[in-house]
Amino acid sequence: MGKLVILKLGEGTFEQGFPVTLQIGDENVRPSVEITGELPPNPEILRDYYRWQSLYRNLRLPSRPIGLPKQLNQPSSLEDCQQVSEEFKVRFNTWLASDSFRPIREKWLEKLVLADNIRVLIQTKDLRLQKLPWHLWDLLERYPRAEIALSAPAYEQVNRIVTTYDKVKILAILGNSQGIDTQADKALLNLLPNADINFLVEPRCQDLTDQLWEQHWQILFFAGHSSTQETNETGKIYINQTESLTIGQLKYALRKAVERGLQLAIFNSCDGLGLAREFAPLHIPQIIVMREPVPDQVAQQFLKYFLEAFARGDSLYLAVRQARERLQGLENQFPCATWLPVICQNPAELPLNWGDLCRNTSNIPTSLAKTTPVTRIANRLGFSLLLLTSMAMTGILTGVRYLGVLQPLELSAFDQLLRLRPPEKPDSRLLIITVTEEDVQAQQQEKPQGSLSDKSLAQLLEKLETYQPQVIGLDIYRDYPVGKDYPALAERIRKSDRFVAVCQVSDSQAEKPGVKPPPEVSPEGLGFSDIAIDSDNVVRRHLLALTPPPSSACTASYALSVQLVLRYLYAKGIQLQFTPDGAWQLGKLTFKSVEAHTGGYQGVDAFGHQILLNYRSSPSPEAIAPRITLGQVLAGQLNTNAVKDKIVIIGTTAESFRDYWLTPYITPQGKLQTIPGVFLQAQMVSQLLSAALDGRPLLWTWSLWGEVIWIWCWSFLGGLLAAYLHRFTYLSLAAGIAITSLYGTCFVLFVVSSCWVPLIPAVLALGGNSSLTAAFLNIKFKIHNNTRGEK
């Protein structure tokens, strides 16, 4: 993996010095090292540079500037220019070796080795600092695989369309060619393999903007005359004999081009730092410009060397360094040619490779057919190895899941899917009568043993019986007989075929003695109130039946909810039946019991006969059905239509009786919502009724092998993405899209068919195998680089 070095030069002057911050880290990750230092005051640096610049611009070389100030003095000699450049180099390195800057230098030497691929970003907004030839730093020259780039302090990553084509899309502008040979640039571009180039020769402004607006370009190339206006630090290009443009005048067209995938701009023209500064707000990933006026021959040779290296697979930075250093062979004729090319980088973007721009590399000539190392390694990875890693990741996750490690995460994801479902209407077949705290207080004179006194119960049942409900369920414990003052109540309870009471089965393992049933109720009129709760005390399962222990005072085999539903359905001609394998069946509905390993449950206590509880979706689980308080009923506020042929469930909501249960729903404060037991019973009753009569599906899960195959598919996809999208940005974007698609698929299946599909294991499989594959590629890449370095 390459190294990224950022040298941040803060606000300052050459008379006062500059604060400096050095950051060092691996590519694609946050910096691991940061240290500060200072460049001391040294006005001579700027004076020496301007002295060299004056001599250089007065050489009268055949170059590509128009609009630069004309020198009136005598032409400079090559020897003078070379001598001044050597003097500047000495002073520049003396400045960079100063004591206040030494911590920066020492930390660099400590953290970086000579074999590292290093990108060095000089981050400053001071044009004078940007103009300095930083490549002359003796420390940088020690590292053969390092290259300098300039960057602005303010930057961001543009959400752009990233598309690879069979050929690299290049828009080449050949501007005003007065006194220079731009046809040589055209000839060099035409040698590029797999390139689709559109040449605009001395175009009109309208033609240029139309091309930028109407098509997608990956590289923008300009050859011709250009200049930087020192007064306002802006650049200008001369597109034909009569027209010139600043980047600002092309802002909207260029911004659109960047959004559509423009990744590199090359200005093979003079004095381009002003152009780069104007480009910075557009956040183009990379720009190559010339610092000073560039001789025509130097511009052509640089382009030739750069395109050869870049197209054969070298990174942009190494290709620029190699091309820049090869210009040294021209410095007897054109002094300081190696000072001219410079990269301007958007730090939010990754370095570019030719292989990132096009899909097809089969037609590249042998001399250029050098794809990026990661791409070659990825191609070697092959289907079989991807298959192996994905199967290994699936096996590991399945084993970890089987041990229950993922259960809390899977249940949390289950809860979220449950909460996101679209709302459903309340179940009008039910009526809930609540005994509130106010109702309990109103009965104090009757000295009830529980939340509902004999008197109140007698009055309530008498009123309800007159309205002909289908069945009445009392979700209040009455482990004591009816008082002697209410013989009619005892007789009503004893003889009623529509009244179901509740008791609690004892559990010796949990040391729960249970709760006895009312003495007046026959065993056929009893339902147990036992609830299956998870390790986090949330109710997600519906306990339908169990076998009470012989010592239990409560002998009910069916839950209260089941007893109420069976009586209601019996009136409609539907009875409980059993399939040959022992599964429950109500009409066409067959129940699939929860087992120890079901969906996200792993090793759960699947005692009795359980199913998953499919809450009726609503803003609150208490909004399951119409409700009325005991006080309102006794006050005569109940009408016939609310009761006739309905299931009536009576229970307490008084907090003093602590009949509250945690649900997967959350309160506005973000905590899990608790609801009274009477509403929980109503949820269970509604689930069974809706499934048997309305076709509302019960929650269900795939078989073990179905889930394993599902997890493996996402694991394989993760490896596939990492193998062929080796740039971190692309991989992150693709992984994000894949995870979003996975979540959407799980949600749709959950809503449409009530199928609980493994979400968390699939996400971990996708991310885990992509990380495993990426790590494998990085190791191979380092081995490849080390081997190439040894050669």
# chains A, B, ... in the order shown; residues from 1 in each chain; ligands from 1
>>> residues_around(residues="stretch 608-613 of chain A", least_positions_apart="6", cutoff="9 Å", atoms="only C-alpha atoms", output="list of chain:residue names")
A:Ala532, A:Val539, A:Arg540, A:Arg541, A:His542, A:Leu543, A:Leu544, A:Ala545, A:Leu546, A:Thr547, A:Phe591, A:Lys592, A:Ser593, A:Val594, A:Glu595, A:Gln683, A:Met684, A:Gln687, A:Leu698, A:Leu699, A:Trp700
>>> write_last_selection(atoms="N, CA, C and O atoms", output="short mmCIF file (atom, residue, chain, number, x, y, z; two decimals), in the first residue's frame")
data_model
loop_
_atom_site.label_atom_id
_atom_site.label_comp_id
_atom_site.auth_asym_id
_atom_site.auth_seq_id
_atom_site.Cartn_x
_atom_site.Cartn_y
_atom_site.Cartn_z
N ALA A 532 -43.59 -16.47 26.66
CA ALA A 532 -42.19 -16.79 26.29
C ALA A 532 -41.46 -15.48 26.05
O ALA A 532 -41.79 -14.73 25.13
N VAL A 539 -40.90 -9.57 24.39
CA VAL A 539 -41.81 -10.62 23.92
C VAL A 539 -41.83 -10.60 22.39
O VAL A 539 -42.32 -9.64 21.78
N ARG A 540 -41.26 -11.64 21.78
CA ARG A 540 -41.27 -11.78 20.33
C ARG A 540 -41.88 -13.11 19.89
O ARG A 540 -42.01 -13.35 18.70
N ARG A 541 -42.20 -13.97 20.86
CA ARG A 541 -42.76 -15.28 20.55
C ARG A 541 -44.14 -15.44 21.19
O ARG A 541 -44.44 -14.80 22.20
N HIS A 542 -44.94 -16.27 20.58
CA HIS A 542 -46.31 -16.51 21.02
C HIS A 542 -46.40 -17.97 21.47
O HIS A 542 -46.32 -18.88 20.64
N LEU A 543 -46.56 -18.16 22.77
CA LEU A 543 -46.68 -19.51 23.32
C LEU A 543 -48.13 -19.97 23.20
O LEU A 543 -49.03 -19.39 23.81
N LEU A 544 -48.33 -21.03 22.41
CA LEU A 544 -49.70 -21.50 22.14
C LEU A 544 -50.14 -22.58 23.12
O LEU A 544 -51.30 -22.58 23.56
N ALA A 545 -49.27 -23.52 23.42
CA ALA A 545 -49.65 -24.66 24.24
C ALA A 545 -48.43 -25.20 24.97
O ALA A 545 -47.29 -24.99 24.53
N LEU A 546 -48.67 -25.88 26.06
CA LEU A 546 -47.60 -26.56 26.79
C LEU A 546 -48.21 -27.67 27.63
O LEU A 546 -49.44 -27.78 27.77
N THR A 547 -47.36 -28.50 28.18
CA THR A 547 -47.81 -29.59 29.05
C THR A 547 -47.48 -29.22 30.49
O THR A 547 -46.29 -29.17 30.85
N PHE A 591 -49.39 -24.17 11.18
CA PHE A 591 -48.45 -23.47 12.05
C PHE A 591 -47.08 -24.14 11.98
O PHE A 591 -46.98 -25.37 12.09
N LYS A 592 -46.03 -23.30 11.81
CA LYS A 592 -44.67 -23.80 11.86
C LYS A 592 -44.06 -23.40 13.20
O LYS A 592 -43.86 -22.22 13.48
N SER A 593 -43.80 -24.38 14.03
CA SER A 593 -43.36 -24.10 15.39
C SER A 593 -41.93 -23.57 15.42
O SER A 593 -41.10 -23.91 14.58
N VAL A 594 -41.68 -22.73 16.42
CA VAL A 594 -40.32 -22.26 16.68
C VAL A 594 -39.52 -23.41 17.28
O VAL A 594 -39.98 -24.09 18.21
N GLU A 595 -38.33 -23.61 16.74
CA GLU A 595 -37.42 -24.63 17.28
C GLU A 595 -36.23 -23.94 17.92
O GLU A 595 -36.11 -22.71 17.89
N GLN A 683 -52.97 -8.79 21.05
CA GLN A 683 -52.08 -8.97 19.90
C GLN A 683 -52.03 -10.44 19.49
O GLN A 683 -52.08 -10.77 18.30
N MET A 684 -51.94 -11.32 20.47
CA MET A 684 -51.87 -12.75 20.17
C MET A 684 -53.17 -13.27 19.58
O MET A 684 -53.16 -14.06 18.63
N GLN A 687 -53.46 -11.99 16.00
CA GLN A 687 -52.57 -12.70 15.08
C GLN A 687 -53.22 -13.99 14.59
O GLN A 687 -53.22 -14.28 13.38
N LEU A 698 -48.42 -15.70 9.00
CA LEU A 698 -47.61 -15.74 10.22
C LEU A 698 -46.15 -15.51 9.84
O LEU A 698 -45.73 -15.74 8.71
N LEU A 699 -45.39 -15.06 10.79
CA LEU A 699 -43.95 -14.91 10.56
C LEU A 699 -43.31 -16.29 10.41
O LEU A 699 -43.64 -17.22 11.16
N TRP A 700 -42.40 -16.41 9.45
CA TRP A 700 -41.75 -17.69 9.22
C TRP A 700 -40.32 -17.47 8.76
O TRP A 700 -39.92 -16.34 8.44
#
>>> select_by_dssp(residues="stretch 35-237 of chain A", states="helix (DSSP H, G or I)", output="ChimeraX atom specification")
/A:43-57,78-96,99-111,127-131,134-136,138-141,182-190,205-214
>>> residues_around(residues="A:Glu106", least_positions_apart="5", cutoff="12 Å", atoms="only C-alpha atoms", output="list in words")
Leu22, Ile35, Thr36, Gly37, Leu96, Ala97, Ser98, Asp99, Ser100, Phe101, Lys111, Leu112 and Leu139 of chain A
>>> closest_residue(among="A:Trp217, A:Tyr568, A:Tyr56, A:Phe747", to="A:Cys358", atoms="only C-alpha atoms")
A:Trp217
>>> residues_around(residues="A:Arg204", least_positions_apart="6", cutoff="9 Å", atoms="only C-alpha atoms", output="ChimeraX atom specification")
/A:239-240,243
>>> select_by_dssp(residues="stretch 643-732 of chain A", states="strand (DSSP E or B)", output="list in words")
Ile647, Val648, Ile649, Ile650, Gly651, Thr652, Tyr660, Trp661, Leu662, Thr663, Pro664, Tyr665, Ile666, Leu672, Gln673, Thr674, Ile675, Pro676 and Trp700 of chain A
>>> residues_around(residues="stretch 397-400 of chain A", least_positions_apart="3", cutoff="8 Å", atoms="only C-alpha atoms", output="count of residues only")
10
>>> atom_distance(atom1="atom CA of A:Ala265", atom2="atom CA of A:Ala722")
28.3 Å
>>> closest_residue(among="A:Thr579, A:Ser771, A:Ser244, A:Gln444", to="A:Gly718", atoms="only C-alpha atoms")
A:Ser771
>>> residues_around(residues="stretch 289-294 of chain A", least_positions_apart="3", cutoff="7 Å", atoms="only C-alpha atoms", output="PyMOL selection string")
chain A and resi 63-65+131+266-273+298-299+340-343
>>> residues_around(residues="A:Ser496", least_positions_apart="5", cutoff="10 Å", atoms="only C-alpha atoms", output="ChimeraX atom specification")
/A:465,471-472,491,521,525
>>> closest_residue(among="A:Leu662, A:Leu464, A:Ile737, A:Leu245", to="A:Ile675", atoms="only C-alpha atoms")
A:Leu662
>>> atom_distance(atom1="atom CA of A:Phe414", atom2="atom CA of A:Gly677")
21.8 Å
>>> closest_residue(among="A:Ala172, A:Arg119, A:Ala553, A:Ala184", to="A:Pro203", atoms="only C-alpha atoms")
A:Ala172
